[in-house]
$ cat structure_14.cif   # mmCIF, C-alpha atoms and all ligand atoms
data_query
loop_
_atom_site.label_atom_id
_atom_site.label_comp_id
_atom_site.auth_asym_id
_atom_site.auth_seq_id
_atom_site.Cartn_x
_atom_site.Cartn_y
_atom_site.Cartn_z
CA MET A 1 -14.09 -22.57 0.11
CA LYS A 2 -11.35 -20.72 -1.74
CA ALA A 3 -7.79 -22.06 -1.63
CA THR A 4 -4.42 -21.44 -3.26
CA CYS A 5 -3.63 -24.52 -5.34
CA TRP A 6 -0.39 -25.66 -6.95
CA HIS A 7 -0.61 -26.55 -10.63
CA GLY A 8 3.01 -26.69 -11.72
CA VAL A 9 6.14 -24.58 -11.96
CA ASN A 10 5.27 -20.89 -11.47
CA ASP A 11 1.57 -21.78 -11.59
CA VAL A 12 -0.61 -21.29 -8.53
CA ARG A 13 -4.34 -20.62 -8.76
CA VAL A 14 -7.02 -19.60 -6.31
CA GLU A 15 -9.83 -22.09 -6.75
CA GLN A 16 -13.05 -23.34 -5.20
CA VAL A 17 -12.38 -26.61 -3.34
CA PRO A 18 -14.41 -28.64 -0.82
CA ASP A 19 -14.34 -27.38 2.79
CA PRO A 20 -12.08 -29.41 5.10
CA LYS A 21 -13.78 -31.79 7.53
CA ILE A 22 -12.80 -33.37 10.82
CA ILE A 23 -11.20 -36.71 9.91
CA ASN A 24 -9.75 -37.76 13.27
CA GLN A 25 -11.29 -36.81 16.59
CA GLY A 26 -8.09 -34.95 17.55
CA ASP A 27 -8.53 -32.50 14.63
CA ALA A 28 -9.71 -28.91 14.67
CA ILE A 29 -10.96 -26.78 11.79
CA ILE A 30 -9.55 -23.25 11.67
CA LYS A 31 -11.15 -20.31 9.86
CA ILE A 32 -8.09 -18.50 8.59
CA SER A 33 -7.65 -14.78 9.19
CA SER A 34 -4.05 -14.36 7.97
CA THR A 35 -1.64 -16.55 6.03
CA ALA A 36 1.79 -15.87 4.57
CA ILE A 37 3.95 -16.99 1.66
CA CYS A 38 7.27 -18.47 2.78
CA GLY A 39 10.61 -18.99 1.05
CA SER A 40 9.87 -22.67 1.47
CA ASP A 41 6.76 -22.28 -0.72
CA LEU A 42 9.10 -21.06 -3.44
CA HIS A 43 10.75 -24.49 -3.59
CA LEU A 44 7.34 -25.89 -4.55
CA TYR A 45 6.61 -22.98 -6.89
CA ASP A 46 10.01 -23.50 -8.55
CA GLY A 47 9.31 -27.21 -8.94
CA TYR A 48 12.16 -28.51 -6.75
CA VAL A 49 10.01 -30.78 -4.63
CA PRO A 50 9.04 -33.90 -6.53
CA ALA A 51 5.93 -35.14 -4.74
CA MET A 52 3.48 -32.37 -5.65
CA GLN A 53 0.20 -33.04 -7.41
CA ALA A 54 -1.91 -30.60 -9.40
CA GLY A 55 -4.52 -29.10 -7.11
CA ASP A 56 -2.55 -29.48 -3.86
CA ILE A 57 -3.43 -26.68 -1.42
CA LEU A 58 -0.39 -24.61 -0.44
CA GLY A 59 0.54 -22.76 2.74
CA HIS A 60 2.09 -23.56 6.10
CA GLU A 61 2.09 -20.18 7.86
CA PHE A 62 -1.42 -19.41 9.05
CA MET A 63 -3.63 -18.42 11.97
CA GLY A 64 -7.29 -17.90 12.68
CA GLU A 65 -10.29 -18.91 14.73
CA VAL A 66 -11.21 -22.42 15.81
CA VAL A 67 -14.64 -23.17 14.32
CA GLU A 68 -14.96 -26.92 14.99
CA VAL A 69 -13.16 -29.50 17.15
CA GLY A 70 -13.18 -33.31 17.21
CA SER A 71 -14.52 -35.13 20.27
CA LYS A 72 -11.01 -35.91 21.56
CA VAL A 73 -9.77 -32.32 21.52
CA GLY A 74 -9.48 -31.24 25.13
CA LYS A 75 -7.59 -27.94 25.28
CA LEU A 76 -8.82 -25.99 22.26
CA LYS A 77 -12.37 -24.79 22.00
CA VAL A 78 -14.52 -23.17 19.36
CA GLY A 79 -13.84 -19.44 19.28
CA ASP A 80 -10.17 -19.64 20.32
CA ARG A 81 -7.81 -17.51 18.22
CA VAL A 82 -4.74 -19.57 17.39
CA VAL A 83 -1.45 -19.59 15.50
CA VAL A 84 -0.64 -22.97 13.95
CA PRO A 85 2.97 -24.28 13.81
CA PHE A 86 4.00 -25.63 10.40
CA PRO A 87 5.30 -29.07 11.47
CA ILE A 88 2.52 -31.44 12.46
CA ALA A 89 3.49 -33.31 15.64
CA CYS A 90 1.76 -35.95 17.75
CA GLY A 91 3.27 -34.72 21.03
CA GLN A 92 3.80 -38.25 22.34
CA CYS A 93 6.39 -40.13 20.30
CA PHE A 94 10.09 -40.58 21.13
CA PHE A 95 10.99 -37.46 19.13
CA CYS A 96 8.17 -35.23 20.36
CA GLU A 97 9.14 -36.10 23.94
CA GLN A 98 12.58 -34.68 23.17
CA LYS A 99 10.95 -31.58 21.64
CA LEU A 100 12.20 -32.62 18.18
CA PHE A 101 8.75 -31.86 16.78
CA SER A 102 9.76 -31.53 13.12
CA VAL A 103 10.87 -35.17 13.10
CA CYS A 104 7.75 -36.56 14.81
CA GLU A 105 7.42 -40.20 13.78
CA ASN A 106 3.62 -40.33 13.79
CA SER A 107 2.47 -37.41 11.69
CA ASN A 108 3.59 -38.35 8.18
CA PRO A 109 1.19 -40.83 6.57
CA ASN A 110 3.50 -40.98 3.53
CA ALA A 111 6.58 -42.06 5.50
CA HIS A 112 7.44 -44.54 2.73
CA LEU A 113 7.96 -41.69 0.24
CA ALA A 114 10.13 -39.74 2.65
CA GLU A 115 12.19 -42.83 3.44
CA LYS A 116 12.96 -43.32 -0.23
CA MET A 117 14.25 -39.79 -0.53
CA TRP A 118 15.86 -39.22 2.87
CA GLY A 119 16.56 -42.68 4.28
CA ARG A 120 14.14 -42.08 7.14
CA SER A 121 10.91 -40.13 7.45
CA ALA A 122 10.22 -36.84 9.23
CA ALA A 123 7.13 -34.97 10.45
CA GLY A 124 4.14 -34.06 8.34
CA ILE A 125 4.01 -30.43 7.20
CA PHE A 126 1.00 -28.42 6.02
CA GLY A 127 0.88 -27.72 2.29
CA TYR A 128 4.31 -29.10 1.63
CA SER A 129 4.00 -31.97 -0.84
CA HIS A 130 3.18 -35.63 -0.48
CA LEU A 131 6.68 -36.27 0.89
CA THR A 132 5.56 -34.60 4.11
CA GLY A 133 2.13 -36.14 4.26
CA GLY A 134 0.10 -34.47 1.54
CA TYR A 135 -1.71 -32.27 4.09
CA ALA A 136 -3.81 -29.44 2.69
CA GLY A 137 -2.22 -26.09 3.51
CA GLY A 138 -3.42 -22.84 5.00
CA GLN A 139 -3.41 -20.39 2.09
CA ALA A 140 -7.14 -20.93 2.11
CA GLU A 141 -10.30 -19.93 3.94
CA TYR A 142 -10.22 -22.97 6.24
CA ALA A 143 -7.74 -25.69 7.23
CA ARG A 144 -7.91 -28.98 9.10
CA VAL A 145 -5.34 -29.09 11.90
CA PRO A 146 -4.46 -32.58 13.21
CA TYR A 147 -3.25 -33.10 16.81
CA ALA A 148 -5.02 -29.86 17.67
CA ASP A 149 -4.12 -30.12 21.37
CA VAL A 150 -0.39 -30.22 20.57
CA GLY A 151 0.38 -27.55 17.97
CA PRO A 152 -1.89 -24.49 17.92
CA LEU A 153 -1.08 -21.70 20.36
CA VAL A 154 -3.89 -19.50 21.69
CA VAL A 155 -2.84 -15.85 21.32
CA PRO A 156 -3.92 -12.80 23.34
CA PRO A 157 -6.72 -10.73 21.74
CA ASP A 158 -4.81 -7.46 22.06
CA LEU A 159 -1.98 -8.60 19.76
CA SER A 160 -2.73 -8.10 16.06
CA ASP A 161 -2.35 -10.93 13.53
CA GLU A 162 0.72 -9.14 12.15
CA LYS A 163 2.52 -9.49 15.47
CA VAL A 164 1.85 -13.18 16.06
CA LEU A 165 1.39 -14.81 12.64
CA PHE A 166 5.10 -15.52 12.20
CA LEU A 167 5.19 -17.65 15.34
CA SER A 168 3.94 -20.30 12.88
CA ASP A 169 7.34 -20.56 11.23
CA ILE A 170 9.82 -17.85 10.30
CA LEU A 171 10.30 -16.23 13.71
CA PRO A 172 11.10 -19.56 15.44
CA THR A 173 13.15 -20.50 12.38
CA GLY A 174 15.35 -17.42 12.60
CA TYR A 175 15.61 -17.92 16.35
CA MET A 176 16.50 -21.61 16.20
CA ALA A 177 19.11 -20.83 13.55
CA ALA A 178 20.74 -18.26 15.84
CA GLU A 179 20.41 -20.45 18.93
CA ALA A 180 22.32 -23.19 17.08
CA CYS A 181 25.27 -20.80 16.80
CA ASP A 182 26.13 -21.08 20.53
CA ILE A 183 26.67 -17.34 20.65
CA GLU A 184 29.01 -15.96 23.31
CA PRO A 185 29.83 -12.34 24.16
CA GLY A 186 32.05 -10.81 21.50
CA HIS A 187 30.91 -13.18 18.77
CA VAL A 188 30.50 -12.15 15.15
CA VAL A 189 27.71 -13.91 13.23
CA ALA A 190 27.39 -13.74 9.44
CA VAL A 191 24.00 -14.35 7.82
CA TRP A 192 23.58 -15.27 4.14
CA GLY A 193 20.16 -14.18 2.86
CA CYS A 194 18.19 -11.16 4.10
CA GLY A 195 14.77 -12.59 3.37
CA PRO A 196 12.29 -12.91 6.23
CA VAL A 197 14.17 -15.86 7.74
CA GLY A 198 17.50 -14.04 7.49
CA GLN A 199 15.99 -10.91 9.10
CA PHE A 200 14.78 -12.91 12.10
CA ALA A 201 18.07 -14.79 12.32
CA ILE A 202 19.86 -11.42 12.50
CA GLN A 203 17.49 -10.07 15.17
CA SER A 204 17.78 -13.29 17.17
CA ALA A 205 21.57 -13.34 16.97
CA TYR A 206 21.62 -9.89 18.60
CA LEU A 207 19.03 -10.97 21.18
CA LEU A 208 21.23 -13.94 22.05
CA GLY A 209 24.24 -11.72 22.61
CA ALA A 210 26.17 -11.43 19.35
CA GLU A 211 28.40 -8.38 19.30
CA ARG A 212 28.23 -7.96 15.54
CA VAL A 213 26.07 -9.41 12.79
CA ILE A 214 27.09 -9.20 9.14
CA ALA A 215 24.25 -9.67 6.64
CA ILE A 216 24.77 -10.73 3.02
CA ASP A 217 22.35 -10.33 0.09
CA ARG A 218 22.08 -8.41 -3.16
CA PHE A 219 18.75 -6.59 -2.81
CA PRO A 220 19.31 -3.07 -1.45
CA GLU A 221 15.95 -2.90 0.34
CA ARG A 222 16.62 -6.16 2.18
CA LEU A 223 20.13 -5.05 3.16
CA GLN A 224 18.68 -1.72 4.28
CA MET A 225 16.11 -3.53 6.44
CA ALA A 226 18.94 -5.50 8.07
CA ARG A 227 20.81 -2.26 8.82
CA GLU A 228 17.88 -0.19 9.97
CA VAL A 229 15.78 -2.69 11.90
CA SER A 230 18.67 -4.63 13.40
CA ARG A 231 21.85 -2.47 13.12
CA ALA A 232 23.57 -5.23 11.09
CA GLU A 233 26.61 -4.48 8.96
CA THR A 234 25.94 -5.51 5.37
CA ILE A 235 27.71 -6.93 2.32
CA ASN A 236 26.14 -6.68 -1.13
CA TYR A 237 27.57 -9.75 -2.83
CA GLU A 238 27.20 -8.20 -6.25
CA GLN A 239 29.53 -5.41 -5.21
CA LEU A 240 32.06 -7.16 -2.97
CA ASP A 241 33.78 -10.52 -2.79
CA VAL A 242 32.10 -12.03 0.26
CA ALA A 243 35.04 -14.18 1.37
CA ASP A 244 37.47 -11.24 1.18
CA ALA A 245 35.09 -8.82 2.86
CA LEU A 246 34.40 -11.20 5.74
CA ARG A 247 38.09 -11.86 6.24
CA GLN A 248 38.74 -8.14 6.42
CA MET A 249 35.83 -7.45 8.75
CA THR A 250 36.93 -10.13 11.23
CA GLY A 251 40.66 -9.45 11.47
CA GLY A 252 41.40 -12.40 9.20
CA ARG A 253 39.85 -15.05 11.48
CA GLY A 254 36.35 -15.39 10.02
CA PRO A 255 32.93 -15.12 11.69
CA ASP A 256 32.40 -17.27 14.80
CA ALA A 257 29.20 -18.57 13.27
CA CYS A 258 27.66 -18.50 9.80
CA ILE A 259 23.96 -18.88 9.03
CA ASP A 260 22.74 -20.04 5.61
CA ALA A 261 19.26 -18.50 5.38
CA VAL A 262 19.16 -19.02 1.62
CA GLY A 263 18.71 -22.71 0.84
CA MET A 264 18.82 -24.69 -2.33
CA GLU A 265 17.98 -22.07 -4.95
CA ALA A 266 20.95 -19.88 -4.00
CA HIS A 267 21.19 -17.28 -6.71
CA GLY A 268 23.93 -17.40 -9.31
CA THR A 269 25.58 -20.59 -8.18
CA GLY A 270 27.01 -23.75 -9.63
CA LEU A 271 24.87 -25.92 -7.39
CA THR A 272 23.98 -29.29 -8.83
CA TYR A 273 20.93 -30.64 -7.18
CA ALA A 274 19.63 -34.14 -7.75
CA TYR A 275 16.80 -36.26 -6.42
CA ASP A 276 16.83 -39.99 -5.99
CA ARG A 277 14.60 -40.62 -8.97
CA ILE A 278 13.97 -37.24 -10.51
CA LYS A 279 17.32 -35.83 -11.50
CA HIS A 280 17.34 -32.11 -11.87
CA ALA A 281 20.46 -30.18 -12.64
CA MET A 282 20.49 -26.47 -11.90
CA ARG A 283 23.06 -25.01 -14.24
CA MET A 284 25.25 -22.14 -13.27
CA GLU A 285 24.75 -18.50 -14.10
CA SER A 286 28.22 -17.81 -12.74
CA ASP A 287 30.92 -19.46 -10.71
CA ARG A 288 29.75 -18.03 -7.40
CA PRO A 289 29.77 -20.76 -4.76
CA THR A 290 26.49 -21.63 -3.09
CA ALA A 291 25.68 -19.72 0.06
CA LEU A 292 26.30 -22.90 2.04
CA ARG A 293 29.70 -23.52 0.50
CA GLU A 294 30.66 -19.91 1.03
CA ALA A 295 29.47 -20.04 4.66
CA ILE A 296 31.55 -23.15 5.39
CA MET A 297 34.67 -21.72 3.79
CA ALA A 298 34.31 -18.37 5.59
CA CYS A 299 33.58 -19.69 9.07
CA ARG A 300 36.38 -19.47 11.62
CA ASN A 301 38.08 -22.69 12.73
CA GLY A 302 35.98 -24.45 15.35
CA GLY A 303 32.92 -22.36 14.49
CA VAL A 304 29.33 -23.29 13.73
CA VAL A 305 27.53 -23.27 10.40
CA SER A 306 23.79 -23.14 11.05
CA VAL A 307 21.53 -24.00 8.12
CA PRO A 308 17.86 -23.00 8.31
CA GLY A 309 17.86 -22.79 4.49
CA VAL A 310 15.96 -25.73 3.02
CA TYR A 311 17.67 -28.42 0.94
CA GLY A 312 15.79 -31.21 -0.76
CA GLY A 313 17.63 -34.14 -2.24
CA PHE A 314 21.37 -34.31 -2.82
CA SER A 315 23.53 -31.22 -2.87
CA ASP A 316 26.93 -31.51 -4.49
CA LYS A 317 30.14 -29.69 -3.90
CA ILE A 318 29.78 -29.17 -0.18
CA PRO A 319 33.38 -28.75 1.01
CA PHE A 320 33.31 -31.45 3.63
CA GLY A 321 37.09 -31.51 3.82
CA SER A 322 36.95 -27.97 5.11
CA VAL A 323 34.34 -28.92 7.71
CA MET A 324 36.41 -31.88 8.89
CA ASN A 325 39.86 -30.35 8.92
CA ARG A 326 38.80 -27.13 10.61
CA SER A 327 36.53 -28.62 13.30
CA ILE A 328 33.38 -26.96 12.04
CA THR A 329 30.00 -27.95 13.43
CA ILE A 330 27.03 -27.99 11.08
CA LYS A 331 23.54 -27.72 12.56
CA THR A 332 20.33 -27.77 10.58
CA GLY A 333 16.73 -28.92 10.56
CA GLN A 334 13.17 -28.02 9.86
CA THR A 335 12.33 -25.88 12.87
CA HIS A 336 10.90 -27.47 16.01
CA VAL A 337 8.40 -24.62 16.08
CA GLN A 338 6.29 -25.88 19.01
CA ARG A 339 9.38 -25.55 21.23
CA TYR A 340 9.73 -21.82 20.61
CA MET A 341 6.19 -20.45 20.22
CA ARG A 342 5.47 -19.64 23.85
CA PRO A 343 8.85 -18.11 24.78
CA LEU A 344 8.85 -16.03 21.61
CA LEU A 345 5.26 -14.91 22.23
CA GLU A 346 6.48 -13.67 25.62
CA ARG A 347 9.27 -11.72 23.95
CA ILE A 348 6.69 -10.15 21.58
CA VAL A 349 4.46 -9.22 24.54
CA ARG A 350 7.47 -7.64 26.30
CA GLY A 351 8.23 -5.64 23.15
CA GLU A 352 11.64 -7.26 22.56
CA LEU A 353 10.60 -8.39 19.09
CA ASP A 354 8.19 -6.87 16.58
CA PRO A 355 7.86 -9.46 13.84
CA ALA A 356 5.57 -7.24 11.75
CA CYS A 357 8.66 -5.34 10.58
CA VAL A 358 9.23 -7.72 7.66
CA ILE A 359 5.74 -7.34 6.12
CA THR A 360 5.74 -5.31 2.92
CA HIS A 361 2.52 -6.55 1.31
CA HIS A 362 -1.00 -7.29 2.54
CA LEU A 363 -3.07 -8.97 -0.19
CA ASP A 364 -6.45 -10.61 -0.62
CA LEU A 365 -6.26 -14.38 -0.89
CA ASP A 366 -7.50 -13.92 -4.48
CA ASP A 367 -4.21 -12.19 -5.27
CA ALA A 368 -2.06 -15.17 -4.24
CA PRO A 369 -0.68 -15.67 -7.79
CA HIS A 370 0.56 -12.07 -7.77
CA GLY A 371 1.95 -12.55 -4.25
CA TYR A 372 3.96 -15.57 -5.35
CA GLU A 373 5.29 -13.73 -8.36
CA ILE A 374 6.52 -10.64 -6.53
CA PHE A 375 7.90 -12.62 -3.59
CA LYS A 376 9.81 -14.99 -5.84
CA ASN A 377 11.19 -12.27 -8.10
CA LYS A 378 11.72 -9.75 -5.31
CA GLN A 379 9.62 -7.20 -7.22
CA GLU A 380 7.84 -4.18 -5.71
CA GLN A 381 10.51 -4.30 -2.95
CA CYS A 382 8.64 -7.31 -1.59
CA VAL A 383 10.05 -8.92 1.55
CA LYS A 384 7.00 -10.70 3.02
CA VAL A 385 3.46 -11.18 1.74
CA VAL A 386 0.56 -11.71 4.14
CA MET A 387 -2.80 -12.69 2.66
CA HIS A 388 -6.25 -12.35 4.14
CA PRO A 389 -8.99 -14.77 3.05
P1 LIG B 1 13.60 -15.51 0.59
O1 LIG B 1 13.62 -16.08 -0.78
O2 LIG B 1 12.76 -14.32 0.83
O3 LIG B 1 15.08 -15.13 1.05
C1 LIG B 1 16.23 -15.69 0.52
C2 LIG B 1 17.25 -14.57 0.38
O4 LIG B 1 18.51 -15.13 0.02
C3 LIG B 1 16.89 -13.58 -0.73
O5 LIG B 1 16.86 -12.27 -0.20
C4 LIG B 1 17.99 -13.76 -1.76
O6 LIG B 1 18.33 -12.57 -2.43
C5 LIG B 1 19.14 -14.26 -0.88
N1 LIG B 1 20.16 -15.01 -1.62
C6 LIG B 1 19.99 -15.82 -2.71
N2 LIG B 1 21.15 -16.34 -3.09
C7 LIG B 1 22.09 -15.86 -2.23
C8 LIG B 1 23.48 -16.05 -2.11
N3 LIG B 1 24.12 -16.86 -2.96
N4 LIG B 1 24.14 -15.40 -1.12
C9 LIG B 1 23.46 -14.60 -0.24
N5 LIG B 1 22.13 -14.38 -0.31
C10 LIG B 1 21.46 -15.01 -1.29
O7 LIG B 1 13.19 -16.72 1.56
P2 LIG B 1 12.94 -16.81 3.16
O8 LIG B 1 11.49 -16.88 3.39
O9 LIG B 1 13.72 -15.82 3.91
O10 LIG B 1 13.52 -18.28 3.40
C11 LIG B 1 14.92 -18.51 3.35
C12 LIG B 1 15.22 -19.99 3.44
O11 LIG B 1 14.77 -20.50 4.69
C13 LIG B 1 14.50 -20.84 2.37
O12 LIG B 1 15.37 -21.86 1.91
C14 LIG B 1 13.37 -21.45 3.13
O13 LIG B 1 12.92 -22.67 2.57
C15 LIG B 1 14.03 -21.69 4.46
N6 LIG B 1 13.12 -21.93 5.59
C16 LIG B 1 13.46 -22.92 6.43
C17 LIG B 1 12.68 -23.22 7.52
C18 LIG B 1 13.09 -24.29 8.46
O14 LIG B 1 12.26 -24.81 9.20
N7 LIG B 1 14.36 -24.65 8.51
C19 LIG B 1 11.51 -22.49 7.74
C20 LIG B 1 11.20 -21.44 6.88
C21 LIG B 1 12.01 -21.17 5.79
ZN ZN B 2 7.94 -21.59 5.94
ZN ZN B 3 5.44 -37.24 17.61
#
$ encode --input "structure_14.cif" --output "structure tokens" --more "lines below"
Ligand code: NAD
Ligand code: ZN
Ligand code: ZN
Amino acid sequence: MKATCWHGVNDVRVEQVPDPKIINQGDAIIKISSTAICGSDLHLYDGYVPAMQAGDILGHEFMGEVVEVGSKVGKLKVGDRVVVPFPIACGQCFFCEQKLFSVCENSNPNAHLAEKMWGRSAAGIFGYSHLTGGYAGGQAEYARVPYADVGPLVVPPDLSDEKVLFLSDILPTGYMAAEACDIEPGHVVAVWGCGPVGQFAIQSAYLLGAERVIAIDRFPERLQMAREVSRAETINYEQLDVADALRQMTGGRGPDACIDAVGMEAHGTGLTYAYDRIKHAMRMESDRPTALREAIMACRNGGVVSVPGVYGGFSDKIPFGSVMNRSITIKTGQTHVQRYMRPLLERIVRGELDPACVITHHLDLDDAPHGYEIFKNKQEQCVKVVMHP
């Protein structure tokens, strides 16, 4: 089959690789109809995740048709059309029972690597390095899906791929980020980053009752999307000082909650980022604080800083004194996608959400290298790339 393979920094290639096979009897094989490139893939593309090997198959946002199931799969059957959540979860461990699927303790066969980096392990993730299990990803014609009775959600035939594909990751991610904000009537939520995750965080904040959402980015088309799709107020951080603007827009108090939908490669920052073994220093283009630092400093006293943005190893210069002295709560995590798929599908069916609004590019799988390039560099007004094998 064809698959999108990682070969190094800024180097992905579509190659012929062996078809996946059932390895455990709880597996299913999915023939992929649609698959997307995520901001999290950019951390791999940028080389910020250490445990990648040349030839690893990328992709953790995908859906398609079940073409084969192991003998222990009970719920899924051949022919079902499913969306697959990006964290791999057993459904039975201590964490899965608490719906903390992204920290499942049974799904990462490389737990020892994760423990070295993070102290303890977390769930396996498709196409997301050997730290999270070395699972082949879904930017391919087929994928093997472990614990097939736990993760994949069967979707109604009358909903197009465009409407349901993002249940795999970014829609639940934006939603969980907003849910973490404990939004009450009258609340103002500020969102750093108007990428796909930021857009869904903005939409979810309104759905959950925010009175105002203020969106921060530098790309006009992304800010425009936040205004037009979601009625957000916007700040272009290349034109305004974010801290000053937020203070002014909130009567001096600061937003009730701040969402960092940017993550570790925040543009133009002095972030120093280091791994346990591999030390990598990102040097500053300017003295702008990281999105996370800015979010903490801007948040009102007693507020919440919610961090869907992905961080890898150690991040310096987080103003923890500000967090402590001003009673700020920080919430973060890889999304517990399985928890949100069904309720969000219902919202899509009811027409409360139309996730297709973020898609700007449909490409053939063969064009994955181009897709990565324009998504990373925000060229061709790209917000979200969906590929079709
Ligand atoms: P993206 O690259 O499309 O969006 C990031 C946006 O942040 C861009 O529009 C960029 O211009 C903006 N930005 C960069 N620096 C900024 C700064 N200093 N201030 C304000 N805005 C800034 O990526 P995405 O797909 O939207 O993903 C966003 C983040 O969410 C990534 O870190 C990704 O890894 C993470 N993510 C997390 C989960 C999870 O489970 N927690 C799931 C999916 C994605
Ligand atoms: Zn993702
Ligand atoms: Zn589990």
$ closest_residue --input "structure_14.cif" --among "A:Thr4, A:His336, A:Val188, A:Phe166" --to "ligand ZN 3 (chain B)" --atoms "all atoms listed in the file"
A:His336
$ atom_distance --input "structure_14.cif" --atom1 "CA of Cys357 in chain A" --atom2 "CA of Ala3 in chain A"
26.4 Å
$ residues_around --input "structure_14.cif" --residues "Ser327 in chain A" --least-positions-apart "6" --cutoff "10 Å" --atoms "all atoms listed in the file" --output "list in words"
Arg300, Asn301, Gly302, Gly303, Val304 and Gly321 of chain A
$ write_last_selection --input "structure_14.cif" --atoms "C-alpha atoms" --output "PDB file, in the frame of the given file"
ATOM      1  CA  ARG A 300      36.380 -19.470  11.620  1.00  0.00           C
ATOM      2  CA  ASN A 301      38.080 -22.690  12.730  1.00  0.00           C
ATOM      3  CA  GLY A 302      35.980 -24.450  15.350  1.00  0.00           C
ATOM      4  CA  GLY A 303      32.920 -22.360  14.490  1.00  0.00           C
ATOM      5  CA  VAL A 304      29.330 -23.290  13.730  1.00  0.00           C
ATOM      6  CA  GLY A 321      37.090 -31.510   3.820  1.00  0.00           C
TER       7      GLY A 321
END
$ residues_around --input "structure_14.cif" --residues "range 216-230 of chain A" --least-positions-apart "5" --cutoff "7 Å" --atoms "all atoms listed in the file" --output "PDB file with C-alpha atoms, keeping the file's coordinate frame"
ATOM      1  CA  VAL A 191      24.000 -14.350   7.820  1.00  0.00           C
ATOM      2  CA  TRP A 192      23.580 -15.270   4.140  1.00  0.00           C
ATOM      3  CA  GLY A 193      20.160 -14.180   2.860  1.00  0.00           C
ATOM      4  CA  CYS A 194      18.190 -11.160   4.100  1.00  0.00           C
ATOM      5  CA  GLY A 195      14.770 -12.590   3.370  1.00  0.00           C
ATOM      6  CA  GLN A 199      15.990 -10.910   9.100  1.00  0.00           C
ATOM      7  CA  ILE A 202      19.860 -11.420  12.500  1.00  0.00           C
ATOM      8  CA  GLN A 203      17.490 -10.070  15.170  1.00  0.00           C
ATOM      9  CA  ILE A 235      27.710  -6.930   2.320  1.00  0.00           C
ATOM     10  CA  ASN A 236      26.140  -6.680  -1.130  1.00  0.00           C
ATOM     11  CA  TYR A 237      27.570  -9.750  -2.830  1.00  0.00           C
ATOM     12  CA  GLU A 238      27.200  -8.200  -6.250  1.00  0.00           C
ATOM     13  CA  GLN A 381      10.510  -4.300  -2.950  1.00  0.00           C
TER      14      GLN A 381
END
$ closest_residue --input "structure_14.cif" --among "A:Glu105, A:Asp158, A:Asp46, A:Asp367" --to "ligand ZN 3 (chain B)" --atoms "only C-alpha atoms and all ligand atoms"
A:Glu105
$ residues_around --input "structure_14.cif" --residues "Asp80 in chain A" --least-positions-apart "5" --cutoff "8 Å" --atoms "all atoms listed in the file" --output "list in words"
Glu65, Val66 and Val154 of chain A
$ closest_residue --input "structure_14.cif" --among "A:Gly74, A:Gly47, A:Pro157, A:Gly198" --to "Lys384 in chain A" --atoms "only C-alpha atoms"
A:Gly198
$ residues_around --input "structure_14.cif" --residues "Gly70 in chain A" --least-positions-apart "6" --cutoff "6 Å" --atoms "all atoms listed in the file" --output "VMD selection string"
chain A and resid 25 to 27
$ closest_atom_pairs --input "structure_14.cif" --of "chain A" --to "ligand ZN 2 (chain B)" --cutoff "6 Å" --atoms "all atoms listed in the file" --output "Markdown table"
| residue | atom | partner | partner_atom | distance |
| --- | --- | --- | --- | --- |
| A:Cys38 | CA | B:ZN2 | ZN | 4.5 |
| A:Ser40 | CA | B:ZN2 | ZN | 5.0 |
| A:Asp169 | CA | B:ZN2 | ZN | 5.4 |
$ residues_near_point --input "structure_14.cif" --point "(5.4, -40.1, 7.5)" --cutoff "12 Å" --atoms "all atoms listed in the file" --output "short mmCIF file (atom, residue, chain, number, x, y, z; two decimals) with C-alpha atoms, in the frame of the given file"
data_model
loop_
_atom_site.label_atom_id
_atom_site.label_comp_id
_atom_site.auth_asym_id
_atom_site.auth_seq_id
_atom_site.Cartn_x
_atom_site.Cartn_y
_atom_site.Cartn_z
CA PRO A 87 5.30 -29.07 11.47
CA ILE A 88 2.52 -31.44 12.46
CA ALA A 89 3.49 -33.31 15.64
CA CYS A 90 1.76 -35.95 17.75
CA SER A 102 9.76 -31.53 13.12
CA VAL A 103 10.87 -35.17 13.10
CA CYS A 104 7.75 -36.56 14.81
CA GLU A 105 7.42 -40.20 13.78
CA ASN A 106 3.62 -40.33 13.79
CA SER A 107 2.47 -37.41 11.69
CA ASN A 108 3.59 -38.35 8.18
CA PRO A 109 1.19 -40.83 6.57
CA ASN A 110 3.50 -40.98 3.53
CA ALA A 111 6.58 -42.06 5.50
CA HIS A 112 7.44 -44.54 2.73
CA LEU A 113 7.96 -41.69 0.24
CA ALA A 114 10.13 -39.74 2.65
CA GLU A 115 12.19 -42.83 3.44
CA LYS A 116 12.96 -43.32 -0.23
CA MET A 117 14.25 -39.79 -0.53
CA TRP A 118 15.86 -39.22 2.87
CA GLY A 119 16.56 -42.68 4.28
CA ARG A 120 14.14 -42.08 7.14
CA SER A 121 10.91 -40.13 7.45
CA ALA A 122 10.22 -36.84 9.23
CA ALA A 123 7.13 -34.97 10.45
CA GLY A 124 4.14 -34.06 8.34
CA ILE A 125 4.01 -30.43 7.20
CA SER A 129 4.00 -31.97 -0.84
CA HIS A 130 3.18 -35.63 -0.48
CA LEU A 131 6.68 -36.27 0.89
CA THR A 132 5.56 -34.60 4.11
CA GLY A 133 2.13 -36.14 4.26
CA GLY A 134 0.10 -34.47 1.54
CA TYR A 135 -1.71 -32.27 4.09
#
$ residues_around --input "structure_14.cif" --residues "range 12-16 of chain A" --least-positions-apart "3" --cutoff "9 Å" --atoms "all atoms listed in the file" --output "number ranges by chain"
A: 1-9, 45, 55, 58, 140, 365-369, 372
